[in-house]
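Student: Input structure: my_file19.txt, which contains compact mmCIF, C-alpha atoms and all ligand atoms.
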```
# COMPACT_ATOMS: atom_id res chain seq x y z
CA MET O 117 -173.08 21.74 -141.26
CA PHE O 118 -175.09 19.01 -139.56
CA PHE O 119 -178.82 18.72 -140.12
CA ARG O 120 -180.84 16.24 -138.15
CA LYS O 121 -183.19 14.29 -140.38
CA LYS O 122 -186.87 14.96 -139.71
CA TYR O 123 -189.86 12.72 -140.27
CA SER O 124 -193.58 13.23 -140.77
CA ILE O 125 -196.07 11.45 -138.50
CA ALA O 126 -197.19 9.38 -141.49
CA GLU O 127 -193.59 8.25 -142.09
CA THR O 128 -192.88 7.38 -138.46
CA GLY O 129 -195.68 4.81 -138.34
CA LEU O 130 -196.89 6.27 -135.02
CA LEU O 131 -200.49 5.74 -136.09
CA GLN O 132 -199.98 2.01 -136.72
CA GLY O 133 -202.03 0.14 -134.13
CA MET O 134 -202.84 3.38 -132.32
CA SER O 135 -205.65 3.73 -129.80
CA ASP O 136 -206.72 7.34 -130.07
CA ILE O 137 -208.24 8.85 -126.91
CA HIS O 138 -209.16 12.29 -128.26
CA SER O 139 -211.15 13.06 -131.42
CA HIS O 140 -214.03 15.16 -132.72
CA LEU O 141 -215.38 12.56 -135.14
CA LEU O 142 -218.92 12.41 -133.75
CA TYR O 143 -220.60 14.52 -136.40
CA GLY O 144 -222.99 17.41 -135.90
CA VAL O 145 -222.47 17.99 -132.17
CA ASP O 146 -219.49 20.38 -131.87
CA ASP O 147 -216.87 22.19 -133.98
CA GLY O 148 -215.51 18.90 -135.38
CA MET O 149 -217.02 16.80 -138.15
CA GLN O 150 -220.39 18.02 -139.36
CA THR O 151 -221.73 15.23 -141.59
CA GLU O 152 -221.76 11.44 -141.69
CA GLU O 153 -219.81 11.58 -145.00
CA GLU O 154 -217.02 13.64 -143.43
CA THR O 155 -216.79 11.31 -140.46
CA PHE O 156 -216.72 8.14 -142.54
CA ALA O 157 -214.08 9.60 -144.90
CA ALA O 158 -211.90 10.48 -141.89
CA LEU O 159 -212.40 7.03 -140.35
CA GLU O 160 -211.45 5.40 -143.65
CA TYR O 161 -208.25 7.45 -143.80
CA LEU O 162 -207.39 6.69 -140.15
CA GLU O 163 -208.00 2.99 -140.73
CA GLU O 164 -205.61 3.09 -143.73
CA GLN O 165 -203.02 4.68 -141.41
CA GLY O 166 -203.41 1.73 -139.05
CA VAL O 167 -205.49 3.24 -136.23
CA GLN O 168 -207.26 0.44 -134.33
CA ARG O 169 -209.44 2.05 -131.70
CA ILE O 170 -210.82 5.56 -131.26
CA TYR O 171 -212.65 7.30 -128.46
CA LEU O 172 -214.99 9.93 -129.86
CA THR O 173 -214.72 12.84 -127.43
CA PRO O 174 -217.07 15.69 -128.37
CA HIS O 175 -216.87 18.97 -126.47
CA VAL O 176 -219.15 19.26 -123.48
CA MET O 177 -219.21 22.94 -122.55
CA GLU O 178 -221.44 25.99 -122.22
CA ASN O 179 -220.97 26.78 -125.92
CA PHE O 180 -222.67 23.48 -126.82
CA PRO O 181 -225.53 23.37 -124.28
CA GLU O 182 -227.27 20.51 -126.08
CA ASN O 183 -224.42 18.11 -125.32
CA SER O 184 -225.04 15.76 -122.39
CA SER O 185 -224.19 12.12 -121.77
CA LYS O 186 -227.70 11.20 -122.81
CA SER O 187 -227.84 13.17 -126.08
CA LEU O 188 -224.31 12.16 -127.10
CA LYS O 189 -225.12 8.46 -126.60
CA ARG O 190 -228.02 8.87 -129.00
CA HIS O 191 -225.80 10.51 -131.63
CA PHE O 192 -223.16 7.83 -131.10
CA ASP O 193 -225.65 4.96 -131.56
CA ASN O 194 -226.77 6.59 -134.77
CA LEU O 195 -223.21 6.77 -136.07
CA ILE O 196 -222.43 3.18 -135.11
CA ASN O 197 -225.53 1.92 -136.91
CA GLY O 198 -224.22 3.29 -140.21
CA TYR O 199 -220.52 2.48 -139.75
CA ALA O 200 -219.15 -0.43 -141.76
CA GLY O 201 -215.41 0.01 -141.10
CA ASN O 202 -213.09 -1.91 -138.77
CA ILE O 203 -212.02 0.64 -136.17
CA ASP O 204 -213.27 -0.09 -132.66
CA LEU O 205 -215.25 3.07 -131.83
CA ARG O 206 -216.07 4.14 -128.27
CA LEU O 207 -217.78 7.14 -126.76
CA ALA O 208 -216.38 9.53 -124.15
CA ALA O 209 -216.29 13.35 -124.04
CA GLU O 210 -213.97 16.30 -123.57
CA TYR O 211 -215.18 18.36 -120.63
CA MET O 212 -214.43 22.07 -120.49
CA LEU O 213 -213.86 23.18 -116.91
CA ASP O 214 -216.37 26.03 -117.15
CA SER O 215 -219.40 26.87 -115.01
CA SER O 216 -221.47 24.07 -116.58
CA PHE O 217 -218.97 21.35 -115.63
CA GLU O 218 -220.24 20.54 -112.15
CA SER O 219 -223.75 19.84 -113.40
CA HIS O 220 -222.26 17.06 -115.55
CA LEU O 221 -220.04 15.78 -112.77
CA GLU O 222 -222.93 15.66 -110.29
CA ASN O 223 -225.47 14.09 -112.65
CA TYR O 224 -226.25 10.69 -111.14
CA GLU O 225 -228.73 9.59 -113.77
CA ASN O 226 -226.39 10.20 -116.68
CA LYS O 227 -222.84 9.91 -115.45
CA PRO O 228 -220.01 11.73 -117.24
CA LEU O 229 -218.63 9.90 -120.26
CA ALA O 230 -215.24 8.53 -119.23
CA ILE O 231 -212.37 6.87 -121.07
CA ALA O 232 -211.60 3.34 -119.87
CA ASP O 233 -214.32 3.61 -117.16
CA ASP O 234 -212.69 6.15 -114.86
CA CYS O 235 -210.65 8.70 -116.82
CA LEU O 236 -212.23 12.08 -117.53
CA LEU O 237 -210.74 14.02 -120.44
CA VAL O 238 -210.83 17.71 -119.46
CA GLU O 239 -209.71 20.96 -121.02
CA THR O 240 -209.53 24.62 -120.02
CA SER O 241 -209.65 27.89 -121.94
CA TYR O 242 -206.45 28.60 -123.89
CA LEU O 243 -206.03 32.03 -122.34
CA ASN O 244 -207.20 31.89 -118.72
CA PRO O 245 -207.19 29.30 -115.96
CA PRO O 246 -210.66 28.18 -114.80
CA LEU O 247 -212.10 29.75 -111.66
CA ASN O 248 -211.38 27.42 -108.74
CA PHE O 249 -209.17 25.19 -110.87
CA HIS O 250 -207.64 23.39 -107.91
CA GLN O 251 -210.97 22.82 -106.10
CA THR O 252 -212.53 21.43 -109.28
CA ILE O 253 -209.67 18.98 -109.66
CA GLN O 254 -210.18 17.83 -106.07
CA LYS O 255 -213.92 17.36 -106.67
CA ILE O 256 -213.26 15.18 -109.70
CA LYS O 257 -210.75 13.17 -107.70
CA LYS O 258 -213.26 12.68 -104.84
CA LYS O 259 -215.75 11.23 -107.32
CA GLY O 260 -213.21 8.51 -108.06
CA TYR O 261 -212.08 9.66 -111.47
CA ARG O 262 -208.60 10.06 -112.82
CA ILE O 263 -208.07 13.17 -114.94
CA ILE O 264 -206.55 13.37 -118.39
CA LEU O 265 -205.71 16.99 -119.12
CA ALA O 266 -206.04 17.54 -122.87
CA HIS O 267 -203.21 19.35 -124.65
CA PRO O 268 -201.53 21.28 -121.77
CA GLU O 269 -199.05 22.63 -124.36
CA ARG O 270 -201.86 24.78 -125.79
CA TYR O 271 -202.68 26.65 -122.56
CA LEU O 272 -200.74 29.84 -123.01
CA TYR O 273 -201.39 30.99 -119.43
CA MET O 274 -199.47 28.01 -118.01
CA ASP O 275 -195.79 28.11 -117.16
CA LYS O 276 -193.32 25.44 -116.08
CA ASN O 277 -194.32 25.86 -112.45
CA ASP O 278 -197.99 25.27 -113.27
CA TYR O 279 -197.08 22.08 -115.16
CA ARG O 280 -195.12 20.82 -112.17
CA LYS O 281 -197.88 21.61 -109.67
CA LEU O 282 -200.56 19.92 -111.76
CA LYS O 283 -198.49 16.79 -112.19
CA ALA O 284 -197.48 16.60 -108.53
CA ASP O 285 -200.82 15.13 -107.45
CA GLY O 286 -200.23 11.86 -109.27
CA PHE O 287 -203.76 11.25 -110.55
CA LEU O 288 -203.73 13.89 -113.28
CA PHE O 289 -202.20 12.87 -116.60
CA PHE O 290 -201.10 15.06 -119.50
CA GLN O 291 -202.25 14.28 -123.04
CA LEU O 292 -200.16 15.54 -125.96
CA ASN O 293 -201.89 16.55 -129.17
CA LEU O 294 -200.03 14.53 -131.77
CA LEU O 295 -199.81 17.55 -134.08
CA SER O 296 -198.41 20.00 -131.52
CA PRO O 297 -194.75 19.01 -132.12
CA THR O 298 -195.24 19.54 -135.87
CA GLY O 299 -195.95 23.26 -135.44
CA TYR O 300 -199.59 22.84 -136.50
CA TYR O 301 -200.77 25.10 -133.63
CA GLY O 302 -197.88 27.58 -133.97
CA ARG O 303 -194.36 28.01 -132.69
CA GLN O 304 -195.13 28.60 -129.01
CA VAL O 305 -197.27 25.45 -128.71
CA GLN O 306 -194.57 23.47 -130.55
CA GLU O 307 -191.92 24.67 -128.09
CA ASN O 308 -194.14 23.89 -125.10
CA ALA O 309 -194.78 20.39 -126.46
CA GLU O 310 -191.06 19.77 -126.98
CA TYR O 311 -190.31 20.93 -123.43
CA LEU O 312 -193.05 18.71 -121.97
CA LEU O 313 -191.94 15.73 -124.06
CA LYS O 314 -188.28 16.11 -123.17
CA ASN O 315 -189.09 16.39 -119.46
CA ASP O 316 -191.46 13.40 -119.35
CA PHE O 317 -194.62 15.29 -118.42
CA TYR O 318 -196.92 13.46 -120.82
CA THR O 319 -198.56 10.10 -120.27
CA PHE O 320 -200.94 9.89 -123.25
CA THR O 321 -201.44 11.26 -126.74
CA GLY O 322 -204.38 11.85 -129.06
CA THR O 323 -205.08 13.24 -132.51
CA ASP O 324 -207.76 15.77 -131.44
CA ILE O 325 -208.86 15.51 -135.08
CA HIS O 326 -211.52 18.05 -136.09
CA SER O 327 -211.29 17.82 -139.89
CA LEU O 328 -209.70 15.31 -142.23
CA GLU O 329 -208.03 17.72 -144.65
CA SER O 330 -206.07 19.76 -142.13
CA HIS O 331 -204.97 16.65 -140.24
CA ARG O 332 -203.98 14.76 -143.37
CA GLN O 333 -201.75 17.67 -144.40
CA ALA O 334 -200.21 17.99 -140.96
CA PHE O 335 -199.56 14.24 -140.72
CA ASN O 336 -197.24 14.79 -143.69
CA ILE O 337 -195.19 17.70 -142.31
CA LYS O 338 -191.58 16.55 -141.82
CA SER O 339 -190.92 17.92 -138.36
CA LEU O 340 -190.12 15.10 -135.91
CA THR O 341 -186.58 14.09 -135.01
CA ALA O 342 -185.95 10.41 -134.29
CA LYS O 343 -185.55 11.25 -130.59
CA LEU O 344 -188.90 13.03 -130.34
CA THR O 345 -190.53 10.18 -132.24
CA ASP O 346 -189.17 7.71 -129.67
CA ARG O 347 -190.65 9.79 -126.86
CA ILE O 348 -194.04 9.96 -128.56
CA ASN O 349 -193.90 6.20 -129.09
CA VAL O 350 -193.83 5.74 -125.32
CA LEU O 351 -197.14 7.66 -125.10
CA ILE O 352 -198.64 5.58 -127.91
CA GLU O 353 -197.79 2.49 -125.86
CA ASN O 354 -199.40 4.03 -122.75
CA ASN O 355 -202.57 4.67 -124.76
CA ARG O 356 -202.55 1.02 -125.72
CA GLN O 357 -202.09 -0.12 -122.10
CA LEU O 358 -204.92 2.11 -120.94
CA LEU O 359 -207.38 0.79 -123.47
CA PHE O 360 -206.44 -2.84 -123.96
CA ASN O 361 -206.00 -3.89 -120.34
FE FE O 401 -210.51 18.30 -128.42
```
Would it be possible to restate this file's structure as structure tokens?
Ligand SMILES: [Fe+2]

Tutor:
Amino acid sequence: MFFRKKYSIAETGLLQGMSDIHSHLLYGVDDGMQTEEETFAALEYLEEQGVQRIYLTPHVMENFPENSSKSLKRHFDNLINGYAGNIDLRLAAEYMLDSSFESHLENYENKPLAIADDCLLVETSYLNPPLNFHQTIQKIKKKGYRIILAHPERYLYMDKNDYRKLKADGFLFFQLNLLSPTGYYGRQVQENAEYLLKNDFYTFTGTDIHSLESHRQAFNIKSLTAKLTDRINVLIENNRQLLFN
């Protein structure tokens, strides 16, 4: 019987030189890292793995009403002041498309926190599409932003038709969670990620790291075939192009 050899993310070297565009490393503002110690331990680990640049993308959503561009910049400055490592840290945010979203989009004094100047990282609920999903996308587009849709493989309400429709517009890009193909979020999400990878739906990838321990374990799960690794490598290169050009 023929078994295809499988590799862990740590073994593939995917993290070497990576520019991560999705992380919850800004401590004390969402469901990610809670203390400076946790954040610095995670950054030390990621630096050992070869990560070069990271956008910190805390959740901006109704559940975290304190989070605004202004308050997050303050938290970010605080973190940077204490950070002695070598990763190039930047601030953006992950915007939930809920009823609070437009107030952030329309705020002229404190503009939304974008990746590479004009890319907004957005997410939706896992179970239901947002109200007026299409209109919201058009509004973001009108403001001159490109959209990076975080982890489409995790939205269980989406089917292959939805993926195709979303991608058809040409200014909305899919971001794979690096751990989705390992089975970290369950079998269904893993299958969705494999389908989206094999059919070239993704443009970017990100760790979406919330805690060091769970990510460190998952980075060592042997689950990636050489072919899938090659496909993810293309996304890693796109991340690099986005952030270093
Ligand atoms: Fe996230």

Student: Using only C-alpha atoms and all ligand atoms, which protein or nucleic acid residues are at most 12 Å from ligand FE 401 (chain O), as an MDAnalysis selection string?

Tutor: chainID O and resid 136:142 146:149 171:177 208:212 237:242 264:268 270 291:294 321:327

Student: O:Lys314, O:Arg169, O:Arg190, O:Arg206: which is nearest Gln132 (chain O), counting all atoms listed in the file?

Tutor: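 Under the stated criterion, the closest residue is O:Arg169.
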
Student: Residues near Ser185 (chain O), anyone? I mean within 8 Å using only C-alpha atoms, not counting same-chain ones fewer than 3 positions away, as a VMD selection string.

Tutor: chain O and resid 188 to 189 226 to 229

Student: Mind dumping the selected residues with C-alpha atoms as a PDB file, keeping the file's coordinate frame?

Tutor:
```pdb
ATOM      1  CA  LEU O 188    -224.310  12.160-127.100  1.00  0.00           C
ATOM      2  CA  LYS O 189    -225.120   8.460-126.600  1.00  0.00           C
ATOM      3  CA  ASN O 226    -226.390  10.200-116.680  1.00  0.00           C
ATOM      4  CA  LYS O 227    -222.840   9.910-115.450  1.00  0.00           C
ATOM      5  CA  PRO O 228    -220.010  11.730-117.240  1.00  0.00           C
ATOM      6  CA  LEU O 229    -218.630   9.900-120.260  1.00  0.00           C
TER       7      LEU O 229
END
```

Student: Check which residues of region 234-302 of chain O sit at most 10 Å from region 119-127 of chain O using all atoms listed in the file, and return one row each with the closest pair of atoms and their distance in Å to one decimal, ordered by chain and rising number, as JSON lines.

Tutor:
```
{"residue": "O:Leu294", "atom": "CA", "partner": "O:Ile125", "partner_atom": "CA", "distance": 8.4}
{"residue": "O:Leu295", "atom": "CA", "partner": "O:Ile125", "partner_atom": "CA", "distance": 8.4}
{"residue": "O:Pro297", "atom": "CA", "partner": "O:Ile125", "partner_atom": "CA", "distance": 10.0}
{"residue": "O:Thr298", "atom": "CA", "partner": "O:Ser124", "partner_atom": "CA", "distance": 8.2}
```

Student: Point out the residue among O:Asp234, O:Asn244, O:Asp193, O:Glu225 with the least atom-to-atom distance to Leu213 (chain O), counting all atoms listed in the file.

Tutor: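 Residue with the minimum atom-to-atom distance to Leu213 (chain O): O:Asn244.
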
Student: Of the candidates O:Ile337, O:Ile203, O:Met134, O:Leu243, which one gets nearest to Leu159 (chain O) if we count only C-alpha atoms?

Tutor: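 Ranking O:Ile337, O:Ile203, O:Met134, O:Leu243 by distance to Leu159 (chain O), first place goes to O:Ile203.
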
Student: Counting all atoms listed in the file, which of O:Leu282, O:Gly133, O:His220, O:Asn277 gets nearest to Phe249 (chain O)?

Tutor: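 The shortest atom-to-atom distance to Phe249 (chain O) comes from O:Leu282.
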
Student: One decimal, Å: what's the distance from CA of Asp346 (chain O) over to CA of Gln306 (chain O), could you say?

Tutor: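 A separation of 16.7 Å between them.
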
Student: Using all atoms listed in the file for the distances, tell me which of O:Ile256, O:Leu313, O:Leu195, O:Ala284 is nearest to Leu351 (chain O).

Tutor: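 That would be O:Leu313, the residue with the smallest distance to Leu351 (chain O).
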
Student: Calculated over only C-alpha atoms, which of the candidates O:Leu359, O:Leu328, O:Leu340, O:Ile263 has the smallest distance to Gly299 (chain O)?

Tutor: O:Leu340

Student: What is the distance between CA of Cys235 (chain O) and CA of Asp316 (chain O), in Å to one decimal?

Tutor: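 Result for CA of Cys235 (chain O) versus CA of Asp316 (chain O): 19.9 Å, one decimal.
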
Student: Can you work out the spacing between CA of Lys281 (chain O) and CA of Ala309 (chain O) in Å, to one decimal?

Tutor: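 Spanning CA of Lys281 (chain O) to CA of Ala309 (chain O) is a straight-line distance of 17.1 Å.
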
Student: Using all atoms listed in the file, determine which residues lie at most 12 Å from Gln304 (chain O), disregarding the query and same-chain residues fewer than 2 positions distant; provide the list as a PyMOL selection string.

Tutor: chain O and resi 269-275+296-302+306-311

Student: Using only C-alpha atoms, please write the residues we just selected to a file, as a short mmCIF file (atom, residue, chain, number, x, y, z; two decimals), in the frame of the given file.

Tutor:
```cif
data_model
loop_
_atom_site.label_atom_id
_atom_site.label_comp_id
_atom_site.auth_asym_id
_atom_site.auth_seq_id
_atom_site.Cartn_x
_atom_site.Cartn_y
_atom_site.Cartn_z
CA GLU O 269 -199.05 22.63 -124.36
CA ARG O 270 -201.86 24.78 -125.79
CA TYR O 271 -202.68 26.65 -122.56
CA LEU O 272 -200.74 29.84 -123.01
CA TYR O 273 -201.39 30.99 -119.43
CA MET O 274 -199.47 28.01 -118.01
CA ASP O 275 -195.79 28.11 -117.16
CA SER O 296 -198.41 20.00 -131.52
CA PRO O 297 -194.75 19.01 -132.12
CA THR O 298 -195.24 19.54 -135.87
CA GLY O 299 -195.95 23.26 -135.44
CA TYR O 300 -199.59 22.84 -136.50
CA TYR O 301 -200.77 25.10 -133.63
CA GLY O 302 -197.88 27.58 -133.97
CA GLN O 306 -194.57 23.47 -130.55
CA GLU O 307 -191.92 24.67 -128.09
CA ASN O 308 -194.14 23.89 -125.10
CA ALA O 309 -194.78 20.39 -126.46
CA GLU O 310 -191.06 19.77 -126.98
CA TYR O 311 -190.31 20.93 -123.43
#
```

Student: Using the file's own x, y and z axes, so that the box edges lie along x, y and z, what centre and edge lengths in Å (one decimal) does a box around every listed atom of region 281-295 of chain O get when 5 Å is added on each side? Give it as lines of an AutoDock Vina configuration file.

Tutor:
```
center_x = -200.6
center_y = 16.4
center_z = -120.8
size_x = 16.3
size_y = 20.4
size_z = 36.6
```

Student: Residues at most 10 Å from Arg262 (chain O), counting only C-alpha atoms, excluding those fewer than 5 positions away in the same chain, as a PDB file with C-alpha atoms, in the frame of the given file?

Tutor:
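Contents of selection.pdb, as written:
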```pdb
ATOM      1  CA  ALA O 230    -215.240   8.530-119.230  1.00  0.00           C
ATOM      2  CA  ILE O 231    -212.370   6.870-121.070  1.00  0.00           C
ATOM      3  CA  ASP O 233    -214.320   3.610-117.160  1.00  0.00           C
ATOM      4  CA  ASP O 234    -212.690   6.150-114.860  1.00  0.00           C
ATOM      5  CA  CYS O 235    -210.650   8.700-116.820  1.00  0.00           C
ATOM      6  CA  LEU O 236    -212.230  12.080-117.530  1.00  0.00           C
ATOM      7  CA  LEU O 237    -210.740  14.020-120.440  1.00  0.00           C
ATOM      8  CA  ILE O 253    -209.670  18.980-109.660  1.00  0.00           C
ATOM      9  CA  ILE O 256    -213.260  15.180-109.700  1.00  0.00           C
ATOM     10  CA  LYS O 257    -210.750  13.170-107.700  1.00  0.00           C
ATOM     11  CA  GLY O 286    -200.230  11.860-109.270  1.00  0.00           C
ATOM     12  CA  PHE O 287    -203.760  11.250-110.550  1.00  0.00           C
ATOM     13  CA  LEU O 288    -203.730  13.890-113.280  1.00  0.00           C
ATOM     14  CA  PHE O 289    -202.200  12.870-116.600  1.00  0.00           C
TER      15      PHE O 289
END
```
